[in-house]
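**Q** This is target_23.cif, which holds mmCIF, C-alpha atoms:
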```cif
data_work
loop_
_atom_site.group_PDB
_atom_site.id
_atom_site.type_symbol
_atom_site.label_atom_id
_atom_site.label_comp_id
_atom_site.auth_asym_id
_atom_site.auth_seq_id
_atom_site.Cartn_x
_atom_site.Cartn_y
_atom_site.Cartn_z
ATOM 1 C CA MET A 1 46.328 94.761 133.221
ATOM 2 C CA LEU A 2 43.096 96.114 131.750
ATOM 3 C CA VAL A 3 39.647 96.252 133.287
ATOM 4 C CA ILE A 4 36.670 96.903 131.036
ATOM 5 C CA ILE A 5 33.756 98.580 132.754
ATOM 6 C CA PRO A 6 30.748 99.524 130.611
ATOM 7 C CA ASN A 7 31.577 102.874 128.956
ATOM 8 C CA LYS A 8 34.822 103.111 130.908
ATOM 9 C CA VAL A 9 38.198 101.513 130.357
ATOM 10 C CA GLU A 10 40.823 101.429 133.091
ATOM 11 C CA GLY A 11 44.126 99.637 133.387
ATOM 12 C CA ASP A 12 47.853 100.034 133.114
ATOM 13 C CA TRP A 13 48.652 97.479 130.383
ATOM 14 C CA GLY A 14 50.881 95.388 132.612
ATOM 15 C CA GLY A 15 52.630 98.398 134.094
ATOM 16 C CA PHE A 16 53.395 100.094 130.761
ATOM 17 C CA LEU A 17 51.075 103.033 131.450
ATOM 18 C CA ASN A 18 51.827 105.305 134.378
ATOM 19 C CA LYS A 19 48.176 105.703 135.435
ATOM 20 C CA ASN A 20 45.100 103.461 135.210
ATOM 21 C CA SER A 21 43.070 106.421 133.951
ATOM 22 C CA CYS A 22 45.198 106.545 130.777
ATOM 23 C CA ALA A 23 43.831 103.297 129.333
ATOM 24 C CA GLY A 24 40.978 104.973 127.391
ATOM 25 C CA PRO A 25 43.172 107.458 125.505
ATOM 26 C CA PHE A 26 45.784 104.740 125.046
ATOM 27 C CA GLU A 27 43.238 102.423 123.444
ATOM 28 C CA GLU A 28 42.251 105.192 121.030
ATOM 29 C CA TYR A 29 45.918 105.794 120.254
ATOM 30 C CA LEU A 30 46.504 102.093 119.521
ATOM 31 C CA TYR A 31 43.512 102.124 117.188
ATOM 32 C CA ALA A 32 44.830 105.260 115.430
ATOM 33 C CA LEU A 33 48.257 103.609 115.070
ATOM 34 C CA ALA A 34 46.610 100.526 113.569
ATOM 35 C CA CYS A 35 44.713 102.677 111.040
ATOM 36 C CA HIS A 36 47.980 104.427 110.127
ATOM 37 C CA THR A 37 49.786 101.081 109.917
ATOM 38 C CA SER A 38 47.151 99.539 107.650
ATOM 39 C CA GLN A 39 47.676 102.404 105.201
ATOM 40 C CA THR A 40 51.455 102.885 105.383
ATOM 41 C CA GLY A 41 53.026 99.708 106.759
ATOM 42 C CA ASP A 42 54.844 101.817 109.362
ATOM 43 C CA ILE A 43 53.925 101.116 112.978
ATOM 44 C CA PHE A 44 54.999 103.933 115.262
ATOM 45 C CA LEU A 45 54.873 107.681 114.667
ATOM 46 C CA ASN A 46 57.716 110.134 115.155
ATOM 47 C CA SER A 47 57.403 112.684 117.946
ATOM 48 C CA ASP A 48 55.667 115.382 115.852
ATOM 49 C CA GLU A 49 53.239 112.915 114.237
ATOM 50 C CA LYS A 50 52.424 111.423 117.650
ATOM 51 C CA SER A 51 51.737 114.864 119.096
ATOM 52 C CA ASP A 52 49.413 115.733 116.182
ATOM 53 C CA CYS A 53 47.633 112.389 116.528
ATOM 54 C CA LEU A 54 47.083 112.778 120.279
ATOM 55 C CA THR A 55 45.780 116.317 119.758
ATOM 56 C CA THR A 56 43.294 114.977 117.203
ATOM 57 C CA ILE A 57 42.181 112.206 119.551
ATOM 58 C CA ASN A 58 42.006 114.196 122.783
ATOM 59 C CA GLY A 59 41.688 117.810 121.668
ATOM 60 C CA PRO A 60 44.187 120.676 121.873
ATOM 61 C CA GLY A 61 46.082 121.165 125.106
ATOM 62 C CA THR A 62 45.592 117.625 126.354
ATOM 63 C CA ASP A 63 48.618 116.409 128.269
ATOM 64 C CA ASP A 64 49.227 112.698 127.799
ATOM 65 C CA VAL A 65 52.893 112.885 128.766
ATOM 66 C CA GLY A 66 52.131 111.591 132.246
ATOM 67 C CA CYS A 67 50.475 108.488 130.829
ATOM 68 C CA GLY A 68 53.426 106.805 129.179
ATOM 69 C CA ILE A 69 52.014 106.996 125.659
ATOM 70 C CA GLU A 70 55.072 109.046 124.720
ATOM 71 C CA LYS A 71 57.180 105.877 125.097
ATOM 72 C CA LEU A 72 55.627 104.487 121.878
ATOM 73 C CA THR A 73 57.556 106.781 119.558
ATOM 74 C CA LYS A 74 59.502 105.972 116.410
ATOM 75 C CA GLY A 75 63.219 106.592 116.414
ATOM 76 C CA GLY A 76 64.474 104.861 119.531
ATOM 77 C CA GLY A 77 66.000 101.936 117.669
ATOM 78 C CA GLY A 78 64.949 98.308 117.817
ATOM 79 C CA CYS A 79 61.236 97.616 117.518
ATOM 80 C CA SER A 80 60.378 101.334 117.713
ATOM 81 C CA ASP A 81 61.591 101.600 114.115
ATOM 82 C CA PHE A 82 59.853 98.449 112.864
ATOM 83 C CA SER A 83 57.435 98.282 109.963
ATOM 84 C CA VAL A 84 54.906 95.473 109.510
ATOM 85 C CA LYS A 85 57.459 93.797 107.235
ATOM 86 C CA ASP A 86 60.034 93.921 110.056
ATOM 87 C CA VAL A 87 57.532 92.435 112.511
ATOM 88 C CA ASN A 88 56.892 89.566 110.102
ATOM 89 C CA ASN A 89 60.621 89.023 109.500
ATOM 90 C CA ARG A 90 61.951 89.472 113.054
ATOM 91 C CA LEU A 91 58.946 88.617 115.249
ATOM 92 C CA GLY A 92 56.999 86.414 112.862
ATOM 93 C CA ASP A 93 56.459 83.553 115.309
ATOM 94 C CA ASP A 94 55.107 85.952 117.950
ATOM 95 C CA PHE A 95 52.868 87.633 115.359
ATOM 96 C CA GLN A 96 51.478 84.314 114.104
ATOM 97 C CA SER A 97 50.898 83.087 117.655
ATOM 98 C CA MET A 98 48.932 86.219 118.547
ATOM 99 C CA LYS A 99 47.028 86.087 115.271
ATOM 100 C CA GLU A 100 45.904 82.526 116.040
ATOM 101 C CA LYS A 101 45.231 83.008 119.746
ATOM 102 C CA CYS A 102 43.408 86.320 119.374
ATOM 103 C CA GLU A 103 40.997 85.034 116.731
ATOM 104 C CA LEU A 104 37.430 84.619 117.903
ATOM 105 C CA GLU A 105 35.758 82.290 115.444
ATOM 106 C CA ASP A 106 32.474 82.372 117.335
ATOM 107 C CA GLN A 107 31.846 85.459 119.454
ATOM 108 C CA GLY A 108 29.841 83.456 121.977
ATOM 109 C CA LYS A 109 31.910 80.297 122.444
ATOM 110 C CA ASN A 110 35.156 80.005 124.371
ATOM 111 C CA GLN A 111 35.623 83.772 124.403
ATOM 112 C CA ASN A 112 37.099 83.738 127.916
ATOM 113 C CA GLN A 113 39.536 80.996 126.953
ATOM 114 C CA SER A 114 40.499 82.855 123.759
ATOM 115 C CA CYS A 115 41.009 86.115 125.649
ATOM 116 C CA GLY A 116 43.279 84.497 128.214
ATOM 117 C CA SER A 117 45.237 82.676 125.516
ATOM 118 C CA CYS A 118 45.635 85.893 123.528
ATOM 119 C CA LEU A 119 46.852 87.808 126.566
ATOM 120 C CA ARG A 120 49.372 85.118 127.491
ATOM 121 C CA SER A 121 50.680 85.170 123.916
ATOM 122 C CA TRP A 122 51.179 88.967 124.103
ATOM 123 C CA GLU A 123 52.805 88.745 127.537
ATOM 124 C CA GLY A 124 55.197 86.091 126.194
ATOM 125 C CA ILE A 125 56.728 88.405 123.593
ATOM 126 C CA LYS A 126 60.251 89.200 124.754
ATOM 127 C CA GLY A 127 61.469 91.203 121.795
ATOM 128 C CA THR A 128 64.502 90.849 119.620
ATOM 129 C CA TYR A 129 68.096 90.438 120.654
ATOM 130 C CA PHE A 130 70.472 93.094 119.389
ATOM 131 C CA GLY A 131 73.961 91.685 119.835
ATOM 132 C CA ASN A 132 74.205 89.403 122.829
ATOM 133 C CA ASP A 133 72.104 91.532 125.154
ATOM 134 C CA GLU A 134 68.679 90.447 126.310
ATOM 135 C CA PRO A 135 66.001 93.074 125.574
ATOM 136 C CA THR A 136 65.269 95.536 128.363
ATOM 137 C CA GLU A 137 61.716 95.816 129.689
ATOM 138 C CA SER A 138 61.229 98.984 127.639
ATOM 139 C CA GLU A 139 62.494 97.286 124.454
ATOM 140 C CA SER A 140 60.282 94.298 125.174
ATOM 141 C CA TYR A 141 57.199 96.531 125.459
ATOM 142 C CA MET A 142 58.051 98.239 122.143
ATOM 143 C CA CYS A 143 58.147 94.833 120.477
ATOM 144 C CA LYS A 144 54.904 93.714 122.166
ATOM 145 C CA PHE A 145 53.122 96.819 120.922
ATOM 146 C CA ALA A 146 54.696 96.512 117.446
ATOM 147 C CA VAL A 147 53.187 93.022 117.198
ATOM 148 C CA LEU A 148 49.839 94.156 118.658
ATOM 149 C CA VAL A 149 49.482 97.181 116.365
ATOM 150 C CA SER A 150 50.439 95.000 113.384
ATOM 151 C CA LEU A 151 47.729 92.518 114.376
ATOM 152 C CA ILE A 152 45.070 95.203 114.884
ATOM 153 C CA SER A 153 46.005 96.707 111.499
ATOM 154 C CA THR A 154 45.155 93.399 109.815
ATOM 155 C CA LYS A 155 41.728 93.465 111.489
ATOM 156 C CA ILE A 156 40.936 97.148 110.939
ATOM 157 C CA ASP A 157 38.081 96.343 108.516
ATOM 158 C CA ASP A 158 36.657 93.590 110.738
ATOM 159 C CA GLU A 159 33.893 95.452 112.568
ATOM 160 C CA ILE A 160 33.113 92.544 114.892
ATOM 161 C CA TRP A 161 36.749 92.097 115.922
ATOM 162 C CA ILE A 162 37.305 95.836 116.424
ATOM 163 C CA HIS A 163 33.919 96.843 117.882
ATOM 164 C CA GLY A 164 32.509 93.549 119.144
ATOM 165 C CA SER A 165 28.881 92.696 118.622
ATOM 166 C CA GLU A 166 27.922 96.382 118.380
ATOM 167 C CA PRO A 167 29.573 97.632 115.164
ATOM 168 C CA ASP A 168 28.087 101.126 115.516
ATOM 169 C CA SER A 169 29.697 101.549 118.922
ATOM 170 C CA ASN A 170 32.622 103.918 119.387
ATOM 171 C CA GLU A 171 34.041 101.493 121.942
ATOM 172 C CA ARG A 172 37.021 99.428 120.817
ATOM 173 C CA SER A 173 36.419 95.858 121.896
ATOM 174 C CA PHE A 174 39.801 94.507 120.787
ATOM 175 C CA THR A 175 40.917 95.322 124.320
ATOM 176 C CA ARG A 176 38.644 92.538 125.551
ATOM 177 C CA PHE A 177 41.690 90.298 125.249
ATOM 178 C CA TRP A 178 43.328 92.055 128.182
ATOM 179 C CA SER A 179 41.948 91.545 131.654
ATOM 180 C CA THR A 180 43.190 91.713 135.211
ATOM 181 C CA SER A 181 45.369 88.880 136.433
ATOM 182 C CA SER A 182 42.726 87.825 138.945
ATOM 183 C CA GLU A 183 40.087 87.625 136.212
ATOM 184 C CA ARG A 184 42.485 85.595 134.073
ATOM 185 C CA GLU A 185 43.210 83.204 136.948
ATOM 186 C CA LYS A 186 39.468 82.641 137.411
ATOM 187 C CA GLU A 187 39.117 81.959 133.684
ATOM 188 C CA ASP A 188 42.006 79.495 133.773
ATOM 189 C CA GLN A 189 40.450 77.656 136.718
ATOM 190 C CA GLN A 190 37.122 77.376 134.894
ATOM 191 C CA THR A 191 38.700 75.791 131.784
#
```
Hey, can you dump this file as structure tokens for me?
**A**
Amino acid sequence: MLVIIPNKVEGDWGGFLNKNSCAGPFEEYLYALACHTSQTGDIFLNSDEKSDCLTTINGPGTDDVGCGIEKLTKGGGGCSDFSVKDVNNRLGDDFQSMKEKCELEDQGKNQNQSCGSCLRSWEGIKGTYFGNDEPTESESYMCKFAVLVSLISTKIDDEIWIHGSEPDSNERSFTRFWSTSSEREKEDQQT
């Protein structure tokens, strides 16, 4: 999943990203989507908007196509076209579950347990059924990220939730909820 190393973020988000080295730019992109979502209610960007956003984040000429970020684009149907209202209406139980399980009341207590619980809640999102077909893995990921971006957008003004205990940091600590499976197993054994 995601490994947080001081000043360096690596991971593949459960296989969604094509390279571990893409986690840093992807985290910035999720944060940018959440800022956009908090202002507009729309979750994903169309292809042109996404390209402009990635250029702003990474600078001109940066190629993120090999990362997999391009998969989170509006217009593919299903959850890719969802707004926050759609997430609440179609994935409301998943959203509420993540909202509860990703809340850290006390930054020092039970943080490992909360992180593992939050991650399991995100991993449990299957998506929505269109017709009688079960969602594909790609559709499931779109729904997972629709719920996640919606959640982050509700916390965008919460400096502690977004940046952790160092509000002046440029690091995004909301990714603390995602850890490697082996780290999660250790946490589960300790609780």
**Q** I'd like to know which of A:Asn58, A:Thr136, A:Gln96, A:Ser51 is closest to Thr73 in chain A, using only C-alpha atoms.
**A**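 When distances to Thr73 in chain A are compared using only C-alpha atoms, the smallest one comes from A:Ser51.
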**Q** Pull out every residue that the PyMOL selection byres ((chain A and resi 154) around 12) matches in the shown coordinates and put them as a list in words.
**A**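 Those residues are Tyr31, Leu33, Ala34, Cys35, His36, Thr37, Ser38, Gln39, Gly41, Val84, Phe95, Gln96, Met98, Lys99, Glu103, Val147, Leu148, Val149, Ser150, Leu151, Ile152, Ser153, Lys155, Ile156, Asp157, Asp158, Glu159, Trp161 and Ile162 of chain A.
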**Q** When distances are computed from all atoms listed in the file, which of A:Ile43, A:Cys79, A:Ile160, A:Val87 shows the smallest separation from Pro135 in chain A?
**A**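 Of A:Ile43, A:Cys79, A:Ile160, A:Val87, the one nearest Pro135 in chain A, counting all atoms listed in the file, is A:Cys79.
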**Q** Between CA of Lys101 in chain A and CA of Tyr129 in chain A, what is the distance in Å, rounded to a tenth?
**A**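 Computed distance, CA of Lys101 in chain A to CA of Tyr129 in chain A, equals 24.1 Å.
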**Q** What does the structure give for the distance between CA of Tyr141 in chain A and CA of Glu28 in chain A, in Å to one decimal?
**A**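 Result for CA of Tyr141 in chain A versus CA of Glu28 in chain A: 17.8 Å, one decimal.
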**Q** By how many Å are CA of Cys115 in chain A and CA of Cys67 in chain A apart?
**A**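 Separation of CA of Cys115 in chain A and CA of Cys67 in chain A: 24.8 Å.
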**Q** Care to translate the PyMOL selection byres ((chain A and resi 126) around 8) into actual residues of this file, as JSON, numbers by chain?
**A** {"A": [123, 124, 125, 127, 128, 135, 140, 141, 143, 144]}
**Q** May I ask which of the residues A:Gly76, A:Gly92, A:Gly116, A:Gly11 is the closest one to Glu27 in chain A, counting only C-alpha atoms?
**A**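 Closest candidate: A:Gly11.
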**Q** Quick one: of A:Leu54, A:Ile69, A:Ala32, A:Leu45, who's nearest to Asp12 in chain A, counting all atoms listed in the file?
**A** A:Ile69
**Q** Compare A:Asp48, A:Gly78, A:Phe16, A:Glu70 by their minimum atom-to-atom distance to Glu137 in chain A, counting only C-alpha atoms, and give me the closest one.
**A**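 Closest residue, counting only C-alpha atoms: A:Phe16.
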**Q** Saving range 19-31 of chain A with N, CA, C and O atoms, as a PDB file, in the first residue's frame, what would that file be?
**A**
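Below is the file that was written, part-v7.pdb:
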```pdb
ATOM      1  N   LYS A  19       3.723   2.643 -10.323  1.00  0.00           N
ATOM      2  CA  LYS A  19       5.076   2.687  -9.750  1.00  0.00           C
ATOM      3  C   LYS A  19       5.002   3.212  -8.321  1.00  0.00           C
ATOM      4  O   LYS A  19       4.241   4.129  -8.034  1.00  0.00           O
ATOM      5  N   ASN A  20       5.822   2.654  -7.437  1.00  0.00           N
ATOM      6  CA  ASN A  20       5.888   3.141  -6.052  1.00  0.00           C
ATOM      7  C   ASN A  20       6.319   4.597  -5.985  1.00  0.00           C
ATOM      8  O   ASN A  20       5.895   5.332  -5.102  1.00  0.00           O
ATOM      9  N   SER A  21       7.160   5.026  -6.908  1.00  0.00           N
ATOM     10  CA  SER A  21       7.679   6.395  -6.874  1.00  0.00           C
ATOM     11  C   SER A  21       6.620   7.433  -7.211  1.00  0.00           C
ATOM     12  O   SER A  21       6.859   8.631  -7.081  1.00  0.00           O
ATOM     13  N   CYS A  22       5.438   7.023  -7.616  1.00  0.00           N
ATOM     14  CA  CYS A  22       4.369   7.948  -7.991  1.00  0.00           C
ATOM     15  C   CYS A  22       3.530   8.405  -6.804  1.00  0.00           C
ATOM     16  O   CYS A  22       2.669   9.275  -6.947  1.00  0.00           O
ATOM     17  N   ALA A  23       3.744   7.813  -5.637  1.00  0.00           N
ATOM     18  CA  ALA A  23       2.879   8.110  -4.490  1.00  0.00           C
ATOM     19  C   ALA A  23       2.919   9.581  -4.084  1.00  0.00           C
ATOM     20  O   ALA A  23       1.885  10.145  -3.722  1.00  0.00           O
ATOM     21  N   GLY A  24       4.084  10.218  -4.111  1.00  0.00           N
ATOM     22  CA  GLY A  24       4.189  11.636  -3.736  1.00  0.00           C
ATOM     23  C   GLY A  24       3.343  12.535  -4.623  1.00  0.00           C
ATOM     24  O   GLY A  24       2.486  13.282  -4.126  1.00  0.00           O
ATOM     25  N   PRO A  25       3.546  12.483  -5.955  1.00  0.00           N
ATOM     26  CA  PRO A  25       2.700  13.296  -6.830  1.00  0.00           C
ATOM     27  C   PRO A  25       1.217  12.926  -6.726  1.00  0.00           C
ATOM     28  O   PRO A  25       0.353  13.788  -6.805  1.00  0.00           O
ATOM     29  N   PHE A  26       0.941  11.647  -6.501  1.00  0.00           N
ATOM     30  CA  PHE A  26      -0.445  11.216  -6.382  1.00  0.00           C
ATOM     31  C   PHE A  26      -1.101  11.808  -5.142  1.00  0.00           C
ATOM     32  O   PHE A  26      -2.248  12.256  -5.184  1.00  0.00           O
ATOM     33  N   GLU A  27      -0.369  11.848  -4.051  1.00  0.00           N
ATOM     34  CA  GLU A  27      -0.878  12.455  -2.819  1.00  0.00           C
ATOM     35  C   GLU A  27      -1.196  13.929  -3.043  1.00  0.00           C
ATOM     36  O   GLU A  27      -2.240  14.425  -2.607  1.00  0.00           O
ATOM     37  N   GLU A  28      -0.319  14.629  -3.732  1.00  0.00           N
ATOM     38  CA  GLU A  28      -0.566  16.045  -4.040  1.00  0.00           C
ATOM     39  C   GLU A  28      -1.797  16.195  -4.925  1.00  0.00           C
ATOM     40  O   GLU A  28      -2.600  17.113  -4.745  1.00  0.00           O
ATOM     41  N   TYR A  29      -1.954  15.271  -5.872  1.00  0.00           N
ATOM     42  CA  TYR A  29      -3.113  15.319  -6.760  1.00  0.00           C
ATOM     43  C   TYR A  29      -4.408  15.074  -5.984  1.00  0.00           C
ATOM     44  O   TYR A  29      -5.408  15.763  -6.196  1.00  0.00           O
ATOM     45  N   LEU A  30      -4.402  14.111  -5.059  1.00  0.00           N
ATOM     46  CA  LEU A  30      -5.586  13.868  -4.238  1.00  0.00           C
ATOM     47  C   LEU A  30      -5.950  15.102  -3.417  1.00  0.00           C
ATOM     48  O   LEU A  30      -7.123  15.454  -3.283  1.00  0.00           O
ATOM     49  N   TYR A  31      -4.925  15.761  -2.879  1.00  0.00           N
ATOM     50  CA  TYR A  31      -5.164  16.975  -2.100  1.00  0.00           C
ATOM     51  C   TYR A  31      -5.758  18.077  -2.997  1.00  0.00           C
ATOM     52  O   TYR A  31      -6.717  18.755  -2.611  1.00  0.00           O
TER      53      TYR A  31
END
```
